[in-house]
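**Student:** Okay, handing you the structure first.
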Amino acid sequence: MNPEKIAQKFVTWGVFLIPFIPIIVAYSFFFPFITGKNFAFRIIVELLFGGWLILILYNRSYRPRFSWLLGSIIAFVGIIAVADIFGENPLKSIWSNFERMEGLVTLVHLLLYFIVAGTVLNTEKLWNRFLNTSVGVSVFLGFFGLLQLAGFLKINQSNVRLDATFGNATYLAIYMLFSVFITAFLLLRWSGKSTVKWVYGAIIFLQIFIIYYTATRGSILGLLGGILLSALLIVIFEKREKILRKVSLGIIVAVLIIGGGFFLIKDSQFVKNSEVLARFSSISISENTVNARFLVWNTAIKGIKERPILGWGQENFNFVFNKYYDPRMYAQEQWFDRVHNVVFDWLIAGGVLGFVAYASMFFMTLLYLWRKRNTYFSVSEKSVITGLLAGYTFHNLFVFDNIMSYILFFTIMAFVYWSYKESTKEIYMDNMEDNRDVGIISRIYAPIIIILVLFSVYMVNGKGILAASSLLDAISIPAGSPAQIGLFEKALSYNSFGNQEIREQLTQIATRVAGSNIGAEVKQQYFSLAGSEMQKQVSGINNDARTQIFIGTLFDAFGQYGKAQQYVERANELSPNKPAILFQLGLNTLNRGDKEGALNIFKRAYELAPKYSQAQIFYALGAIYTNNEKLLEKILVPVYGSVIVDNNRLLQAYFNNKQLDKVLGIWKLRVKKNPNGVQNHLGLAATYLKLNQRDDAVQEIQKAIELDINFKKQGEFLIREIKAGRNP
């Protein structure tokens with residue numbers, strides 16, 4: 001076969017693999033819902049781009065023609081590249097991590113995908129097939145969601161919010177939002193049998209149904225807003241299709257009635273009994289999620305002011321979040337890595353230049369869509385695409401992109417890019433003489449490109465895939481196994497962009513191992529590996545409070561309080577207003593024997609967030625160890641009504657401080673709460689024994705025997721020992 005034809009078919013049909021990416025879930029990888037899709041996209045794009053490079057050597061008609069839309073995308077990727085390189089953590093900005101898999105690498109792949117799709121899908125027939133393929137996949141995922149709703153398939157994120165193969169309801173919601181508008185576009189464009197239009201209509205109903213049961217408020221409101229805008233544009237600008245204008249007017253009225261009706265019944269029992277509607281009725285400034293968004297956005301503004309031009313680089317919001325941490329965030333995630341707002345996210349990642357470049361892609365897409373020269377789309381079709389972009393933008397005001405929303409956005413831009421080029425192809429006609437040498441292309445250029453592409457596939461993806469697989473294997477087996485240590489060493493040996501996540505997972509397990517009954521030799525192996533790896537992480541980037549607290553906690557867990565001190569203090573220096581870090585610093589200070597110093601640190605944490613229950617407990621902890629009874633009562637009594645509070649830290653503190661009367665009070669409280677708990681009776685018995693109240697201790701052990709017959713032999717032994725005057 002003609003090598004040009006081979007390249008053309010390879011790239012053209014290869015593009016049709018992209019719509020199937022949402023189905024991929026790599027259960028053998030760490031973060032299976034994220035890594036599988038992203039690795040697949042990167043590998044497919046690299047292969048397609050290599051094939052496209054060969055194709056344009058044979059046939060220059062596939063080469064991209066310049067447009068300001070293409071220019072805006074190139075400018076965006078270029079500016080973000082500069083921001084990443086000069087950002088806070090360039091390595092992470094470029095490569096991201098397993099949890100997100102974004103960064104500059106993903107943006108470059110999206111640019112390459114845009115170029116390939118915008119030039120290879122070069123006929124209306126190909127675009128119709130491509131978009132219909134995407135709609136077909138959305139139908140499959142819609143039925144997947146129905147099976148989750150019916151209980152036949154597991155919902156991964158929660159018990160009620162559908163997530164299909166995304167593992168995240170929000171990701172499924174934005175995917176379906178795109179799919180609704182793409183299907184509506186195809187419905188409007190269809191000119192054949194009316195049966196097909198009914199099929200499209202049924203698909204739209206299914207897609208909207210799934211969006212509703214994702215219970216993603218931003219997506220649902222974005223969908224309604226996008227539909228409203230599309231209908232409004234059709235009513236205003238559509239002059240030919242009178243029936244369509246009437247339908248659009250009806251849609252506007254229906255959306256307004258739905259919105260107004262919901263407002264009127266939002267406090268009704270019907271709304272409260274619905275998981276989805278209840279989420280909407282609870283929207284208010286004071287709601288935890290909404291309030292957290294405002295606090296995070298305010299934190300982002302401080303970071304933007306510090307670096308307004310090029311920002312901090314991608315994946316670096318954590319530095320801003322830690323530096324300007326608002327203590328009122330104590331009830332939320334402690335390590336935010338996203339602002340959850342597309343405007344602030346890109347202002348943080350790329351500064352004003354980066355955000356303007358990002359916004360320019362939307363502007364240029366709309367400009368080329370609505371220009372008079374673009375005769376490919378009707379007014380109604382342009383209105384639907386505009387509504388899609390509006391709904392997508394609104395959704396992103398409250399969350400952030402994922403690989404599929406990126407792919408679909410770049411697909412729409414590629415479609416508009418091609419449509420304008422198609423509408424004005426005479427202007428862009430290339431009349432240059434073709435002097436290609438087919439022999440040289442086949443013998444030299446094509447093999448070189450193939451080798452480079454295969455090398456790229458391995459270097460960009462191979463190490464990450466192997467590391468993600470080994471990491472999942474490591475965390476899937478019980479802690480304390482020598483095999484687990486070997487798997488962590490294997491995962492780290494690939495030296496991939498996932499090293500930080502591997503080290504953190506290792507450190508968390510090692511910290512738990514420290515307090516277990518596993519042998520000392522195995523504990524030492526965990527400590528040696530985790531300690532050396534975290535020191536590498538800290539030496540690589542010394543201004544990340546997260547890594548500092550991880551290694552400090554590790555040293556604390558293994559009793560090396562002096563070494564832990566420098567790291568925990570450094571974490572506090574980098575994030576001075578975070579109570580969680582102050583708690584660890586206070587514990588470290590306490591373990592080093594400085595009780596007054598620990599009390600002062602716990603006091604600082606309490607003053608930052610006096611309503612935070614953990615801050616109250618730690619402050620009380622300091623009061624116990626310093627024997628400050630008045631302060632203890634001042635902290636606990638207004639909240640709990642007593643200094644006898646059922647809390648393990650307080651229980652241990654009272655015991656260590658020989659306040660056995662309070663230890664006894666806590667165990668009595670636990671028995672009262674759960675009289676059938678064997679361990680509660682045994683704890684109470686042990687305390688009675690410490691107080692030399694032997695008859696009471698025997699009585700509690702007898703109750704434990706009554707509750708658990710398997711404990712009879714051991715319990716009777718304990719009773720004999722106690723009655724004999726010994727302390728077993």
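If you're wondering about the labels, chains in the structure tokens are A, B, ... by order shown, residues count from 1 in each chain, ligands from 1 in order shown.
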To test your reading of the structure, identify every residue in segment 368-588 of chain A that backbone DSSP assigns to helix (DSSP H, G or I), and report it as a VMD selection string.
**Tutor:** chain A and resid 368 to 370 379 to 396 403 to 423 438 to 475 482 to 493 499 to 514 520 to 540 545 to 557 561 to 574 579 to 588
**Student:** Give the answer as one residue: which of A:Ser469, A:Gln693, A:Ser516, A:Gln207 has the shortest atom-to-atom distance to Ser28 of chain A, using only C-alpha atoms?
**Tutor:**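 The answer is A:Ser469, which sits nearest to Ser28 of chain A.
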**Student:** Of the candidates A:Asn402, A:Thr123, A:Ser72, A:Thr589, which one gets nearest to Ser419 of chain A if we count only C-alpha atoms?
**Tutor:**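 Result for the nearest residue to Ser419 of chain A: A:Thr123.
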**Student:** For segment 681-684 of chain A, list every protein, DNA or RNA residue within 9 Å, evaluated using only C-alpha atoms, and leave out those in the same chain fewer than 6 positions away; present the list as a short mmCIF file (atom, residue, chain, number, x, y, z; two decimals) with C-alpha atoms, in the first residue's frame.
**Tutor:**
```
data_model
loop_
_atom_site.label_atom_id
_atom_site.label_comp_id
_atom_site.auth_asym_id
_atom_site.auth_seq_id
_atom_site.Cartn_x
_atom_site.Cartn_y
_atom_site.Cartn_z
CA VAL A 663 -9.04 8.13 83.63
CA LEU A 664 -11.68 6.23 85.60
CA GLY A 665 -14.28 8.84 84.66
CA ILE A 666 -13.57 8.47 80.95
CA TRP A 667 -13.81 4.65 81.08
CA LYS A 668 -17.08 4.90 82.98
CA ARG A 670 -17.39 4.83 77.59
CA VAL A 671 -19.13 1.94 79.39
CA PRO A 675 -22.24 -1.16 77.76
CA ASP A 696 -14.66 -3.52 91.17
CA ALA A 697 -11.96 -4.73 88.73
CA GLU A 700 -15.86 -5.57 85.27
CA ILE A 701 -13.89 -8.59 84.04
CA LYS A 703 -19.07 -8.54 82.71
CA ALA A 704 -16.54 -8.86 79.87
#
```
**Student:** Using only C-alpha atoms, determine which residues lie at most 9 Å from Ile644 of chain A, disregarding the query and same-chain residues fewer than 4 positions distant; provide the list as a VMD selection string.
**Tutor:** chain A and resid 636 to 637 640 650 to 651 662 to 663 665 to 666 669
**Student:** With N, CA, C and O atoms retained, could you export that selection as a CSV table (one decimal), in the first residue's frame?
**Tutor:**
```csv
chain,number,residue,atom,x,y,z
A,636,LEU,N,-12.5,23.1,78.6
A,636,LEU,CA,-13.4,22.0,78.3
A,636,LEU,C,-14.8,22.2,78.8
A,636,LEU,O,-15.8,21.8,78.2
A,637,VAL,N,-15.0,22.7,80.0
A,637,VAL,CA,-16.3,22.8,80.6
A,637,VAL,C,-17.3,23.6,79.8
A,637,VAL,O,-18.4,23.1,79.6
A,640,TYR,N,-17.9,21.0,76.7
A,640,TYR,CA,-18.3,19.6,77.0
A,640,TYR,C,-19.0,19.4,78.3
A,640,TYR,O,-19.5,18.4,78.6
A,650,LEU,N,-6.7,12.7,75.6
A,650,LEU,CA,-6.9,13.2,77.0
A,650,LEU,C,-6.8,12.0,77.9
A,650,LEU,O,-6.2,12.1,79.0
A,651,LEU,N,-7.3,10.9,77.5
A,651,LEU,CA,-7.2,9.7,78.4
A,651,LEU,C,-5.7,9.3,78.6
A,651,LEU,O,-5.4,9.1,79.8
A,662,LYS,N,-9.6,10.8,86.7
A,662,LYS,CA,-10.2,11.2,85.5
A,662,LYS,C,-10.1,10.1,84.4
A,662,LYS,O,-11.0,10.0,83.6
A,663,VAL,N,-9.1,9.3,84.5
A,663,VAL,CA,-9.0,8.1,83.6
A,663,VAL,C,-10.2,7.2,83.9
A,663,VAL,O,-10.9,6.8,83.0
A,665,GLY,N,-13.1,8.2,85.1
A,665,GLY,CA,-14.3,8.8,84.7
A,665,GLY,C,-14.5,8.6,83.2
A,665,GLY,O,-15.6,8.4,82.7
A,666,ILE,N,-13.4,8.7,82.4
A,666,ILE,CA,-13.6,8.5,81.0
A,666,ILE,C,-14.0,7.0,80.6
A,666,ILE,O,-14.9,6.8,79.8
A,669,LEU,N,-17.6,6.6,81.4
A,669,LEU,CA,-18.3,7.3,80.3
A,669,LEU,C,-18.5,6.4,79.1
A,669,LEU,O,-19.5,6.3,78.5
```
**Student:** Determine, counting only C-alpha atoms, which protein, DNA and RNA residues have an atom within 10 Å of an atom of Phe209 of chain A; residues of the same chain fewer than 3 positions away are not included. Present the result as a ChimeraX atom specification.
**Tutor:** /A:142,145-146,176,203-206,212-214
**Student:** Would you write out those residues with C-alpha atoms, as a short mmCIF file (atom, residue, chain, number, x, y, z; two decimals), in the first residue's frame?
**Tutor:**
```
data_model
loop_
_atom_site.label_atom_id
_atom_site.label_comp_id
_atom_site.auth_asym_id
_atom_site.auth_seq_id
_atom_site.Cartn_x
_atom_site.Cartn_y
_atom_site.Cartn_z
CA GLY A 142 -25.14 6.85 30.66
CA GLY A 145 -24.63 5.32 35.44
CA LEU A 146 -28.14 3.83 35.35
CA MET A 176 -22.15 14.81 30.17
CA ILE A 203 -29.98 10.52 24.27
CA ILE A 204 -30.13 14.12 25.48
CA PHE A 205 -32.73 13.09 28.06
CA LEU A 206 -30.42 10.29 29.26
CA TYR A 212 -28.91 15.39 37.59
CA TYR A 213 -27.89 12.29 39.54
CA THR A 214 -24.28 13.38 39.76
#
```
**Student:** Write out as an MDAnalysis selection string the residues lying within 10 Å of Ala7 of chain A, counting only C-alpha atoms and excluding same-chain residues fewer than 6 positions away.
**Tutor:** chainID A and resid 48 50:56 58 446
**Student:** Those same residues, written as a PDB file, in the first residue's frame with all heavy atoms?
**Tutor:**
```pdb
ATOM      1  N   LEU A  48      -0.178   9.468  17.239  1.00  0.00           N
ATOM      2  CA  LEU A  48      -0.879  10.199  16.179  1.00  0.00           C
ATOM      3  C   LEU A  48      -0.030  11.341  15.632  1.00  0.00           C
ATOM      4  O   LEU A  48       0.016  11.569  14.412  1.00  0.00           O
ATOM      5  CB  LEU A  48      -2.204  10.757  16.715  1.00  0.00           C
ATOM      6  CG  LEU A  48      -3.309   9.748  17.028  1.00  0.00           C
ATOM      7  CD1 LEU A  48      -4.520  10.461  17.610  1.00  0.00           C
ATOM      8  CD2 LEU A  48      -3.696   8.979  15.775  1.00  0.00           C
ATOM      9  N   GLY A  50       3.195  11.572  15.622  1.00  0.00           N
ATOM     10  CA  GLY A  50       4.258  11.000  14.799  1.00  0.00           C
ATOM     11  C   GLY A  50       3.744  10.622  13.423  1.00  0.00           C
ATOM     12  O   GLY A  50       4.382  10.914  12.401  1.00  0.00           O
ATOM     13  N   GLY A  51       2.572   9.967  13.385  1.00  0.00           N
ATOM     14  CA  GLY A  51       1.977   9.625  12.093  1.00  0.00           C
ATOM     15  C   GLY A  51       1.636  10.858  11.285  1.00  0.00           C
ATOM     16  O   GLY A  51       1.808  10.880  10.051  1.00  0.00           O
ATOM     17  N   TRP A  52       1.176  11.903  11.971  1.00  0.00           N
ATOM     18  CA  TRP A  52       0.834  13.150  11.281  1.00  0.00           C
ATOM     19  C   TRP A  52       2.080  13.816  10.695  1.00  0.00           C
ATOM     20  O   TRP A  52       2.029  14.352   9.569  1.00  0.00           O
ATOM     21  CB  TRP A  52       0.146  14.085  12.278  1.00  0.00           C
ATOM     22  CG  TRP A  52      -0.206  15.431  11.732  1.00  0.00           C
ATOM     23  CD1 TRP A  52      -1.286  15.763  10.984  1.00  0.00           C
ATOM     24  CD2 TRP A  52       0.546  16.645  11.903  1.00  0.00           C
ATOM     25  NE1 TRP A  52      -1.271  17.095  10.674  1.00  0.00           N
ATOM     26  CE2 TRP A  52      -0.150  17.667  11.228  1.00  0.00           C
ATOM     27  CE3 TRP A  52       1.730  16.961  12.558  1.00  0.00           C
ATOM     28  CZ2 TRP A  52       0.302  18.980  11.200  1.00  0.00           C
ATOM     29  CZ3 TRP A  52       2.179  18.270  12.529  1.00  0.00           C
ATOM     30  CH2 TRP A  52       1.475  19.261  11.864  1.00  0.00           C
ATOM     31  N   LEU A  53       3.193  13.785  11.419  1.00  0.00           N
ATOM     32  CA  LEU A  53       4.438  14.356  10.888  1.00  0.00           C
ATOM     33  C   LEU A  53       4.852  13.656   9.600  1.00  0.00           C
ATOM     34  O   LEU A  53       5.298  14.299   8.631  1.00  0.00           O
ATOM     35  CB  LEU A  53       5.558  14.242  11.933  1.00  0.00           C
ATOM     36  CG  LEU A  53       5.481  15.172  13.145  1.00  0.00           C
ATOM     37  CD1 LEU A  53       6.596  14.846  14.125  1.00  0.00           C
ATOM     38  CD2 LEU A  53       5.563  16.639  12.715  1.00  0.00           C
ATOM     39  N   ILE A  54       4.711  12.331   9.591  1.00  0.00           N
ATOM     40  CA  ILE A  54       5.026  11.579   8.363  1.00  0.00           C
ATOM     41  C   ILE A  54       4.047  11.954   7.255  1.00  0.00           C
ATOM     42  O   ILE A  54       4.436  12.161   6.097  1.00  0.00           O
ATOM     43  CB  ILE A  54       4.978  10.068   8.643  1.00  0.00           C
ATOM     44  CG1 ILE A  54       6.093   9.683   9.625  1.00  0.00           C
ATOM     45  CG2 ILE A  54       5.112   9.262   7.343  1.00  0.00           C
ATOM     46  CD1 ILE A  54       6.022   8.255  10.110  1.00  0.00           C
ATOM     47  N   LEU A  55       2.774  12.072   7.611  1.00  0.00           N
ATOM     48  CA  LEU A  55       1.738  12.384   6.621  1.00  0.00           C
ATOM     49  C   LEU A  55       1.976  13.731   5.961  1.00  0.00           C
ATOM     50  O   LEU A  55       1.840  13.858   4.726  1.00  0.00           O
ATOM     51  CB  LEU A  55       0.364  12.368   7.304  1.00  0.00           C
ATOM     52  CG  LEU A  55      -0.844  12.695   6.416  1.00  0.00           C
ATOM     53  CD1 LEU A  55      -0.967  11.700   5.271  1.00  0.00           C
ATOM     54  CD2 LEU A  55      -2.121  12.722   7.255  1.00  0.00           C
ATOM     55  N   ILE A  56       2.339  14.760   6.741  1.00  0.00           N
ATOM     56  CA  ILE A  56       2.507  16.083   6.136  1.00  0.00           C
ATOM     57  C   ILE A  56       3.766  16.166   5.277  1.00  0.00           C
ATOM     58  O   ILE A  56       3.893  17.075   4.441  1.00  0.00           O
ATOM     59  CB  ILE A  56       2.526  17.197   7.204  1.00  0.00           C
ATOM     60  CG1 ILE A  56       3.729  17.048   8.150  1.00  0.00           C
ATOM     61  CG2 ILE A  56       1.219  17.229   7.967  1.00  0.00           C
ATOM     62  CD1 ILE A  56       3.874  18.200   9.126  1.00  0.00           C
ATOM     63  N   TYR A  58       4.414  13.772   3.187  1.00  0.00           N
ATOM     64  CA  TYR A  58       3.884  13.276   1.913  1.00  0.00           C
ATOM     65  C   TYR A  58       2.858  14.222   1.312  1.00  0.00           C
ATOM     66  O   TYR A  58       2.790  14.390   0.088  1.00  0.00           O
ATOM     67  CB  TYR A  58       3.206  11.913   2.120  1.00  0.00           C
ATOM     68  CG  TYR A  58       4.153  10.769   2.346  1.00  0.00           C
ATOM     69  CD1 TYR A  58       4.193  10.118   3.567  1.00  0.00           C
ATOM     70  CD2 TYR A  58       5.016  10.322   1.340  1.00  0.00           C
ATOM     71  CE1 TYR A  58       5.058   9.056   3.803  1.00  0.00           C
ATOM     72  CE2 TYR A  58       5.884   9.257   1.559  1.00  0.00           C
ATOM     73  CZ  TYR A  58       5.895   8.625   2.789  1.00  0.00           C
ATOM     74  OH  TYR A  58       6.756   7.575   2.997  1.00  0.00           O
ATOM     75  N   ALA A 446      10.740   9.041   7.708  1.00  0.00           N
ATOM     76  CA  ALA A 446       9.712   8.253   8.397  1.00  0.00           C
ATOM     77  C   ALA A 446      10.308   7.346   9.479  1.00  0.00           C
ATOM     78  O   ALA A 446       9.813   7.335  10.619  1.00  0.00           O
ATOM     79  CB  ALA A 446       8.886   7.452   7.402  1.00  0.00           C
TER      80      ALA A 446
END
```
**Student:** Please provide the set of residues having any atom within 8 Å of Phe114 of chain A, restricted to only C-alpha atoms, with same-chain residues fewer than 3 positions apart removed, written as a PyMOL selection string.
**Tutor:** chain A and resi 110-111+117-118+410-411+413-414
**Student:** Please compute the atom CA of Glu99 of chain A-atom CA of Gln525 of chain A distance, one decimal, in Å.
**Tutor:**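 So the answer is 27.2 Å.
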**Student:** For segment 304-349 of chain A versus segment 575-581 of chain A, which residues have an atom no more than 9 Å away, and what is each residue's nearest atom pair and distance in Å rounded to one decimal, using only C-alpha atoms, chain-then-number order, as a Markdown table?
**Tutor:**
```
| residue | atom | partner | partner_atom | distance |
| --- | --- | --- | --- | --- |
| A:Phe319 | CA | A:Ser575 | CA | 8.8 |
| A:Phe321 | CA | A:Ser575 | CA | 8.5 |
| A:Asn322 | CA | A:Ser575 | CA | 4.9 |
| A:Lys323 | CA | A:Ser575 | CA | 4.9 |
| A:Tyr324 | CA | A:Ser575 | CA | 7.2 |
| A:Tyr325 | CA | A:Asn577 | CA | 5.9 |
| A:Asp326 | CA | A:Asn577 | CA | 6.8 |
| A:Pro327 | CA | A:Lys578 | CA | 6.0 |
| A:Met329 | CA | A:Lys578 | CA | 8.8 |
| A:Tyr330 | CA | A:Pro579 | CA | 7.4 |
| A:Gln334 | CA | A:Ala580 | CA | 8.1 |
```
**Student:** With N, CA, C and O atoms kept, could you save the residues just selected as an mmCIF file, in the first residue's frame?
**Tutor:**
```cif
data_model
loop_
_atom_site.group_PDB
_atom_site.id
_atom_site.type_symbol
_atom_site.label_atom_id
_atom_site.label_comp_id
_atom_site.auth_asym_id
_atom_site.auth_seq_id
_atom_site.Cartn_x
_atom_site.Cartn_y
_atom_site.Cartn_z
ATOM 1 N N PHE A 319 1.693 25.937 47.688
ATOM 2 C CA PHE A 319 2.609 26.885 48.341
ATOM 3 C C PHE A 319 1.857 28.123 48.812
ATOM 4 O O PHE A 319 2.093 28.641 49.904
ATOM 5 N N PHE A 321 -1.453 28.272 49.331
ATOM 6 C CA PHE A 321 -2.427 27.834 50.336
ATOM 7 C C PHE A 321 -1.786 27.717 51.708
ATOM 8 O O PHE A 321 -2.368 28.132 52.721
ATOM 9 N N ASN A 322 -0.581 27.170 51.756
ATOM 10 C CA ASN A 322 0.109 27.014 53.037
ATOM 11 C C ASN A 322 0.599 28.343 53.589
ATOM 12 O O ASN A 322 0.476 28.626 54.783
ATOM 13 N N LYS A 323 1.153 29.155 52.719
ATOM 14 C CA LYS A 323 1.729 30.423 53.164
ATOM 15 C C LYS A 323 0.660 31.354 53.722
ATOM 16 O O LYS A 323 0.871 32.034 54.738
ATOM 17 N N TYR A 324 -0.491 31.394 53.039
ATOM 18 C CA TYR A 324 -1.554 32.314 53.442
ATOM 19 C C TYR A 324 -2.759 31.561 54.020
ATOM 20 O O TYR A 324 -3.901 32.018 53.902
ATOM 21 N N TYR A 325 -2.482 30.441 54.636
ATOM 22 C CA TYR A 325 -3.561 29.588 55.156
ATOM 23 C C TYR A 325 -4.482 30.366 56.092
ATOM 24 O O TYR A 325 -4.030 31.076 56.993
ATOM 25 N N ASP A 326 -5.788 30.206 55.884
ATOM 26 C CA ASP A 326 -6.793 30.826 56.738
ATOM 27 C C ASP A 326 -7.236 29.796 57.776
ATOM 28 O O ASP A 326 -7.779 28.748 57.415
ATOM 29 N N PRO A 327 -7.021 30.060 59.047
ATOM 30 C CA PRO A 327 -7.364 29.074 60.088
ATOM 31 C C PRO A 327 -8.828 28.652 60.074
ATOM 32 O O PRO A 327 -9.174 27.595 60.601
ATOM 33 N N MET A 329 -10.290 27.491 57.797
ATOM 34 C CA MET A 329 -10.386 26.320 56.914
ATOM 35 C C MET A 329 -10.168 25.016 57.668
ATOM 36 O O MET A 329 -10.025 23.958 57.050
ATOM 37 N N TYR A 330 -10.139 25.061 58.983
ATOM 38 C CA TYR A 330 -9.763 23.881 59.767
ATOM 39 C C TYR A 330 -10.641 22.658 59.493
ATOM 40 O O TYR A 330 -10.199 21.522 59.619
ATOM 41 N N GLN A 334 -6.800 19.884 54.260
ATOM 42 C CA GLN A 334 -5.668 20.660 54.772
ATOM 43 C C GLN A 334 -4.577 20.913 53.731
ATOM 44 O O GLN A 334 -3.628 21.651 53.996
#
```
**Student:** Do you have the atom CA of Ser93 of chain A-atom CA of Tyr171 of chain A distance handy?
**Tutor:**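 Here the two named atoms are 21.9 Å from each other.
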**Student:** Could you work out how far atom CA of Leu587 of chain A lies from atom CA of Asn648 of chain A, giving the answer in Å with one decimal?
**Tutor:** 14.5 Å
